[in-house]
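Visitor: The following file, query-v3.cif, comprises mmCIF, C-alpha atoms:
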```
data_structure
loop_
_atom_site.label_atom_id
_atom_site.label_comp_id
_atom_site.auth_asym_id
_atom_site.auth_seq_id
_atom_site.Cartn_x
_atom_site.Cartn_y
_atom_site.Cartn_z
CA ASP A 6 42.54 -37.43 60.30
CA VAL A 7 40.48 -40.13 58.66
CA LYS A 8 37.27 -40.79 60.46
CA VAL A 9 35.19 -43.95 60.15
CA THR A 10 32.03 -43.99 62.22
CA GLN A 11 29.55 -46.75 62.89
CA SER A 12 25.92 -46.14 63.75
CA SER A 13 25.84 -48.04 67.04
CA ARG A 14 28.39 -49.25 69.59
CA TYR A 15 26.05 -51.84 71.09
CA LEU A 16 22.97 -53.46 69.60
CA VAL A 17 20.64 -56.18 70.90
CA LYS A 18 18.24 -57.80 68.46
CA ARG A 19 15.91 -60.77 68.46
CA THR A 20 16.23 -63.83 66.25
CA GLY A 21 14.54 -63.25 62.90
CA GLU A 22 14.76 -59.46 62.99
CA LYS A 23 16.19 -57.50 60.08
CA VAL A 24 19.28 -55.63 61.22
CA PHE A 25 21.04 -52.69 59.61
CA LEU A 26 24.57 -51.70 60.53
CA GLU A 27 25.77 -48.46 59.02
CA CYS A 28 29.25 -47.15 58.39
CA VAL A 29 30.29 -43.71 57.23
CA GLN A 30 33.75 -42.47 56.23
CA ASP A 31 34.75 -38.87 55.63
CA MET A 32 37.83 -39.26 53.45
CA ASP A 33 36.29 -39.91 50.04
CA HIS A 34 37.69 -43.45 50.04
CA GLU A 35 36.56 -45.72 47.25
CA ASN A 36 37.01 -49.00 49.12
CA MET A 37 34.98 -50.00 52.15
CA PHE A 38 34.83 -53.25 54.09
CA TRP A 39 32.78 -55.14 56.65
CA TYR A 40 34.43 -57.63 58.98
CA ARG A 41 33.29 -59.65 61.92
CA GLN A 42 35.57 -60.52 64.80
CA ASP A 43 35.11 -63.55 67.02
CA PRO A 44 37.33 -64.99 69.75
CA GLY A 45 39.62 -67.64 68.35
CA LEU A 46 38.63 -66.88 64.76
CA GLY A 47 40.11 -63.41 64.36
CA LEU A 48 38.81 -60.92 61.81
CA ARG A 49 36.99 -62.31 58.83
CA LEU A 50 35.91 -60.35 55.77
CA ILE A 51 32.17 -60.42 55.06
CA TYR A 52 31.80 -58.07 52.08
CA PHE A 53 33.65 -55.21 50.52
CA SER A 54 32.83 -52.49 48.02
CA TYR A 55 35.20 -50.73 45.65
CA ASP A 56 32.72 -48.20 44.29
CA VAL A 57 29.18 -46.96 44.66
CA LYS A 58 26.68 -49.74 43.96
CA MET A 59 29.54 -52.24 43.57
CA LYS A 60 30.09 -55.09 46.02
CA GLU A 61 32.17 -58.21 46.32
CA LYS A 62 31.78 -61.19 48.62
CA GLY A 63 34.45 -61.75 51.18
CA ASP A 64 35.24 -64.96 53.00
CA ILE A 65 31.98 -65.36 54.93
CA PRO A 66 29.09 -63.61 53.09
CA GLU A 67 26.38 -66.13 53.96
CA GLY A 68 23.50 -64.59 55.87
CA TYR A 69 24.55 -61.03 55.04
CA SER A 70 23.97 -58.47 52.31
CA VAL A 71 25.33 -54.96 51.78
CA SER A 72 24.31 -51.69 50.24
CA ARG A 73 26.39 -48.80 48.98
CA GLU A 74 24.23 -46.05 47.52
CA LYS A 75 26.64 -43.22 48.35
CA LYS A 76 30.41 -43.22 48.36
CA GLU A 77 30.73 -42.36 52.03
CA ARG A 78 28.21 -44.89 53.36
CA PHE A 79 28.36 -48.69 53.44
CA SER A 80 25.60 -50.67 55.12
CA LEU A 81 25.63 -54.27 56.31
CA ILE A 82 22.26 -56.00 56.41
CA LEU A 83 21.29 -59.12 58.30
CA GLU A 84 18.07 -60.15 56.59
CA SER A 85 16.98 -62.49 59.39
CA ALA A 86 19.29 -62.32 62.37
CA SER A 87 20.38 -65.57 63.99
CA THR A 88 22.20 -66.26 67.25
CA ASN A 89 25.35 -67.31 65.40
CA GLN A 90 25.60 -63.76 64.08
CA THR A 91 26.30 -62.47 67.57
CA SER A 92 29.69 -60.84 67.11
CA MET A 93 31.74 -57.66 66.93
CA TYR A 94 31.29 -56.02 63.53
CA LEU A 95 33.99 -53.72 62.23
CA CYS A 96 33.84 -51.42 59.25
CA ALA A 97 36.93 -50.13 57.46
CA SER A 98 37.80 -47.91 54.53
CA THR A 99 40.94 -47.50 52.51
CA GLY A 100 42.35 -44.96 50.18
CA PHE A 101 45.49 -46.14 48.53
CA TYR A 102 46.99 -48.63 50.93
CA GLU A 103 46.23 -48.10 54.59
CA GLN A 104 43.00 -49.39 56.11
CA TYR A 105 41.20 -47.29 58.70
CA PHE A 106 38.71 -48.86 61.07
CA GLY A 107 35.61 -47.69 62.85
CA PRO A 108 35.02 -48.27 66.58
CA GLY A 109 32.98 -51.44 66.03
CA THR A 110 29.42 -52.54 66.80
CA ARG A 111 28.88 -55.26 69.36
CA LEU A 112 25.76 -57.10 68.14
CA THR A 113 23.95 -59.57 70.35
CA VAL A 114 21.17 -61.68 68.85
CA THR A 115 18.92 -63.34 71.43
CA LYS B 24 45.43 -69.35 50.46
CA GLN B 25 47.27 -66.77 52.53
CA GLU B 26 47.59 -67.60 56.22
CA VAL B 27 48.94 -65.24 58.86
CA THR B 28 50.23 -66.50 62.19
CA GLN B 29 51.17 -64.52 65.28
CA ILE B 30 53.21 -65.99 68.08
CA PRO B 31 52.93 -65.80 71.01
CA ALA B 32 49.18 -65.48 71.52
CA ALA B 33 49.79 -63.69 74.80
CA LEU B 34 52.76 -61.98 76.38
CA SER B 35 53.30 -60.40 79.77
CA VAL B 36 56.33 -58.20 80.48
CA PRO B 37 57.43 -55.78 83.20
CA GLU B 38 57.36 -52.09 82.43
CA GLY B 39 60.48 -50.77 80.71
CA GLU B 40 61.32 -53.93 78.84
CA ASN B 41 61.96 -53.97 75.12
CA LEU B 42 59.91 -56.61 73.34
CA VAL B 43 59.32 -58.19 69.95
CA LEU B 44 56.06 -59.44 68.50
CA ASN B 45 56.20 -61.86 65.60
CA CYS B 46 54.08 -62.29 62.50
CA SER B 47 54.53 -64.85 59.73
CA PHE B 48 52.68 -65.31 56.46
CA THR B 49 52.63 -68.17 53.98
CA ASP B 50 52.48 -66.35 50.63
CA SER B 51 55.24 -63.82 50.01
CA ALA B 52 53.31 -62.14 47.16
CA ILE B 53 51.97 -59.32 49.28
CA TYR B 54 51.43 -55.63 48.58
CA ASN B 55 52.10 -54.47 52.11
CA LEU B 56 51.87 -55.43 55.77
CA GLN B 57 50.08 -53.42 58.40
CA TRP B 58 50.32 -53.56 62.20
CA PHE B 59 47.29 -52.61 64.28
CA ARG B 60 46.53 -52.11 67.93
CA GLN B 61 43.18 -53.05 69.44
CA ASP B 62 42.04 -52.10 72.92
CA PRO B 63 39.34 -54.27 74.55
CA GLY B 64 35.94 -53.76 72.95
CA LYS B 65 37.26 -51.17 70.54
CA GLY B 66 38.12 -50.89 66.86
CA LEU B 67 41.56 -51.21 65.31
CA THR B 68 44.11 -48.41 65.27
CA SER B 69 46.71 -48.50 62.53
CA LEU B 70 50.25 -48.35 63.92
CA LEU B 71 52.59 -48.93 61.00
CA LEU B 72 52.33 -49.78 57.33
CA ILE B 73 55.26 -51.36 55.48
CA GLN B 74 55.14 -51.44 51.71
CA SER B 75 56.37 -54.64 50.04
CA SER B 76 59.45 -52.80 48.75
CA GLN B 77 60.42 -51.57 52.23
CA ARG B 78 62.35 -53.32 54.96
CA GLU B 79 61.16 -51.36 57.98
CA GLN B 80 59.11 -48.49 59.33
CA THR B 81 59.45 -46.55 62.57
CA SER B 82 57.04 -44.49 64.62
CA GLY B 83 58.18 -43.29 68.02
CA ARG B 84 58.99 -46.33 70.19
CA LEU B 85 57.69 -48.72 67.53
CA ASN B 86 59.72 -50.30 64.77
CA ALA B 87 58.32 -52.81 62.30
CA SER B 88 60.44 -54.89 59.94
CA LEU B 89 59.48 -56.95 56.93
CA ASP B 90 61.30 -59.86 55.31
CA LYS B 91 59.14 -60.93 52.39
CA SER B 92 61.38 -63.76 51.28
CA SER B 93 61.07 -65.53 54.62
CA GLY B 94 57.45 -64.48 55.16
CA ARG B 95 58.11 -62.70 58.43
CA SER B 96 57.52 -59.39 60.13
CA THR B 97 58.39 -58.21 63.62
CA LEU B 98 57.07 -55.35 65.71
CA TYR B 99 59.61 -54.03 68.17
CA ILE B 100 58.37 -51.97 71.11
CA ALA B 101 61.04 -50.11 73.05
CA ALA B 102 60.78 -49.22 76.73
CA SER B 103 57.30 -50.70 77.14
CA GLN B 104 54.70 -48.89 79.26
CA PRO B 105 51.45 -50.06 80.89
CA GLY B 106 49.58 -47.99 78.28
CA ASP B 107 50.98 -50.28 75.60
CA SER B 108 48.81 -53.11 76.95
CA ALA B 109 46.50 -54.14 74.12
CA THR B 110 46.12 -56.75 71.41
CA TYR B 111 48.45 -56.29 68.45
CA LEU B 112 47.38 -57.59 65.06
CA CYS B 113 49.30 -57.88 61.85
CA ALA B 114 47.63 -58.05 58.46
CA VAL B 115 48.92 -58.58 54.95
CA LEU B 116 47.38 -56.99 51.90
CA ARG B 117 46.50 -59.48 49.20
CA SER B 118 44.72 -58.61 45.95
CA ALA B 119 41.91 -56.08 45.58
CA ARG B 120 42.89 -54.36 48.82
CA GLN B 121 41.82 -57.29 50.97
CA LEU B 122 43.63 -57.80 54.23
CA THR B 123 44.32 -61.16 55.81
CA PHE B 124 44.69 -60.88 59.57
CA GLY B 125 46.58 -62.84 62.15
CA SER B 126 44.84 -63.77 65.41
CA GLY B 127 46.83 -61.25 67.39
CA THR B 128 49.16 -61.11 70.37
CA GLN B 129 47.64 -59.94 73.63
CA LEU B 130 50.27 -57.84 75.39
CA THR B 131 50.19 -56.97 79.07
CA VAL B 132 52.79 -54.57 80.45
CA LEU B 133 52.96 -54.79 84.23
CA PRO B 134 53.69 -51.64 86.24
#
```
Rewrite the structure of this file - the entire thing - as structure tokens.

Guide:
Amino acid sequence: DVKVTQSSRYLVKRTGEKVFLECVQDMDHENMFWYRQDPGLGLRLIYFSYDVKMKEKGDIPEGYSVSREKKERFSLILESASTNQTSMYLCASTGFYEQYFGPGTRLTVT
Amino acid sequence: KQEVTQIPAALSVPEGENLVLNCSFTDSAIYNLQWFRQDPGKGLTSLLLIQSSQREQTSGRLNASLDKSSGRSTLYIAASQPGDSATYLCAVLRSARQLTFGSGTQLTVLP
């Protein structure tokens, strides 16, 4: 079974802090994704990566950056967290077609 | 720009009923369509994947159909159970393996 894990289930940070969200997959997938999910707005793609050290902006990249130094690990970085980044963050990976999701990180920025 | 719509937003049915969830998309040039289940506060679990060349896929009590020409997919759940209560999301694969999601249908199956 494909396993996608995320470093934290719940996270509380203060405005202005630098925040790292980490995602690890164990299926040697080339493609990895970061989404955020908000009530009424659904899932929106922040960034994705199709190879080590490669990244592409999704639909809402502002305020975020990413890092992919190893194939299995994809990190989402909030350089200076703001309250409007309070959300559920979901990581996913895909081999050929099917996307597999992690359990999500509920981030609250106060 | 691809848009995915799911109607209804919420559905409540008694246990044992068969039900249909609907998904429509505006651009028929898709690679595949995927149905997911999401329990409250959790990640997404993939239920069924239909390739663009396929018409339907089945897994247990679930059957998903795809009509690309009309931009529609349905998820049929047979003999619903309280454990089926969750939010169901459909997503279409556009280029570069990017999914576009619908807003979901929140299903409640009453015992």

Visitor: Can you translate the PyMOL selection byres ((chain B and resi 106) around 10) into the concrete residues it hits in this file, as a short mmCIF file (atom, residue, chain, number, x, y, z; two decimals) with C-alpha atoms, keeping the file's coordinate frame?

Guide:
```
data_model
loop_
_atom_site.label_atom_id
_atom_site.label_comp_id
_atom_site.auth_asym_id
_atom_site.auth_seq_id
_atom_site.Cartn_x
_atom_site.Cartn_y
_atom_site.Cartn_z
CA GLU B 38 57.36 -52.09 82.43
CA SER B 103 57.30 -50.70 77.14
CA GLN B 104 54.70 -48.89 79.26
CA PRO B 105 51.45 -50.06 80.89
CA ASP B 107 50.98 -50.28 75.60
CA SER B 108 48.81 -53.11 76.95
CA ALA B 109 46.50 -54.14 74.12
CA THR B 131 50.19 -56.97 79.07
CA VAL B 132 52.79 -54.57 80.45
CA LEU B 133 52.96 -54.79 84.23
CA PRO B 134 53.69 -51.64 86.24
#
```

Visitor: Evaluate the PyMOL selection byres ((chain A) within 8 of (chain B)) against this structure - the residues, as a PyMOL selection string, please.

Guide: chain A and resi 36+45-49+95+102-109

Visitor: Under the PyMOL selection byres ((chain A and resi 51) around 12), which residues of this model are included? Write them out as a count of residues only.

Guide: 35

Visitor: Counting only C-alpha atoms, which residues have an atom no more than 9 Å from (57.9, -60.8, 56.9) in the file's coordinates? Please list them as a PyMOL selection string.

Guide: chain B and resi 45-48+51+56+78+88-97

Visitor: Measuring atom to atom with all atoms listed in the file, identify which of B:Thr110, B:Asn86, B:Val115, B:Leu44 is nearest to Pro31 in chain B.

Guide: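 Result for the nearest residue to Pro31 in chain B: B:Leu44.
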
Visitor: For Gln80 in chain B, which of B:Leu98, B:Ser118, B:Asn41, B:Leu34 is the closest residue, counting all atoms listed in the file?

Guide: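 Closest to Gln80 in chain B, using all atoms listed in the file: B:Leu98.
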
Visitor: If you measure from CA of Leu85 in chain B to CA of Asp50 in chain B, what distance in Å do you get, rounded to one decimal?

Guide: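 Going from CA of Leu85 in chain B over to CA of Asp50 in chain B, I get 25.0 Å.
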
Visitor: For a test of reading the model, state the distance in Å between CA of Gln30 in chain A and CA of Thr99 in chain A, rounded to one decimal.

Guide: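 Going from CA of Gln30 in chain A over to CA of Thr99 in chain A, I get 9.5 Å.
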
Visitor: Quote the spacing between CA of Glu27 in chain A and CA of Gln11 in chain A in Å to one decimal place.

Guide: 5.7 Å

Visitor: With only C-alpha atoms as the atoms that count, which of A:Thr113, A:Lys58, A:Val29, A:Ser13 lies nearest to Ser87 in chain A?

Guide: A:Thr113

Visitor: Just checking: using all atoms listed in the file, which residue out of A:Asn89, A:Asp31, A:Thr115, A:Gly100 ends up closest to Tyr55 in chain A?

Guide: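 Of A:Asn89, A:Asp31, A:Thr115, A:Gly100, the one nearest Tyr55 in chain A is A:Gly100, counting all atoms listed in the file.
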
Visitor: Put a box with edges along x, y and z around all the listed atoms of range 27-38 of chain B, pad it by 8 Å on each side, then give me its centre and sizes in Å, one decimal, as AutoDock Vina command-line options.

Guide:
```
--center_x 53.2 --center_y -59.3 --center_z 71.0 --size_x 24.5 --size_y 30.4 --size_z 40.3
```

Visitor: Could you pull range 72-84 of chain A out of the block above and give me N, CA and C atoms, as a PDB file, in the first residue's frame?

Guide:
```
ATOM      1  N   SER A  72      10.347  22.885  -1.111  1.00  0.00           N
ATOM      2  CA  SER A  72      11.688  22.328  -1.255  1.00  0.00           C
ATOM      3  C   SER A  72      11.566  20.836  -1.498  1.00  0.00           C
ATOM      4  N   ARG A  73      12.330  20.357  -2.475  1.00  0.00           N
ATOM      5  CA  ARG A  73      12.375  18.914  -2.711  1.00  0.00           C
ATOM      6  C   ARG A  73      13.827  18.529  -2.979  1.00  0.00           C
ATOM      7  N   GLU A  74      14.499  18.144  -1.927  1.00  0.00           N
ATOM      8  CA  GLU A  74      15.911  17.760  -1.994  1.00  0.00           C
ATOM      9  C   GLU A  74      16.072  16.260  -2.225  1.00  0.00           C
ATOM     10  N   LYS A  75      15.083  15.497  -1.785  1.00  0.00           N
ATOM     11  CA  LYS A  75      15.090  14.046  -1.995  1.00  0.00           C
ATOM     12  C   LYS A  75      13.758  13.649  -2.601  1.00  0.00           C
ATOM     13  N   LYS A  76      13.794  12.559  -3.354  1.00  0.00           N
ATOM     14  CA  LYS A  76      12.599  12.148  -4.097  1.00  0.00           C
ATOM     15  C   LYS A  76      11.414  11.892  -3.179  1.00  0.00           C
ATOM     16  N   GLU A  77      11.658  11.326  -2.011  1.00  0.00           N
ATOM     17  CA  GLU A  77      10.559  10.918  -1.152  1.00  0.00           C
ATOM     18  C   GLU A  77      10.008  12.042  -0.277  1.00  0.00           C
ATOM     19  N   ARG A  78      10.656  13.188  -0.262  1.00  0.00           N
ATOM     20  CA  ARG A  78      10.289  14.234   0.691  1.00  0.00           C
ATOM     21  C   ARG A  78       9.984  15.557  -0.010  1.00  0.00           C
ATOM     22  N   PHE A  79       8.857  16.155   0.357  1.00  0.00           N
ATOM     23  CA  PHE A  79       8.436  17.426  -0.248  1.00  0.00           C
ATOM     24  C   PHE A  79       7.977  18.333   0.874  1.00  0.00           C
ATOM     25  N   SER A  80       8.639  19.464   1.021  1.00  0.00           N
ATOM     26  CA  SER A  80       8.354  20.362   2.139  1.00  0.00           C
ATOM     27  C   SER A  80       7.660  21.627   1.657  1.00  0.00           C
ATOM     28  N   LEU A  81       6.705  22.060   2.439  1.00  0.00           N
ATOM     29  CA  LEU A  81       6.005  23.332   2.198  1.00  0.00           C
ATOM     30  C   LEU A  81       6.470  24.315   3.259  1.00  0.00           C
ATOM     31  N   ILE A  82       6.844  25.507   2.833  1.00  0.00           N
ATOM     32  CA  ILE A  82       7.399  26.502   3.740  1.00  0.00           C
ATOM     33  C   ILE A  82       6.549  27.767   3.705  1.00  0.00           C
ATOM     34  N   LEU A  83       6.153  28.206   4.886  1.00  0.00           N
ATOM     35  CA  LEU A  83       5.495  29.502   5.020  1.00  0.00           C
ATOM     36  C   LEU A  83       6.544  30.430   5.606  1.00  0.00           C
ATOM     37  N   GLU A  84       7.066  31.324   4.796  1.00  0.00           N
ATOM     38  CA  GLU A  84       8.198  32.160   5.212  1.00  0.00           C
ATOM     39  C   GLU A  84       7.836  33.053   6.389  1.00  0.00           C
TER      40      GLU A  84
END
```
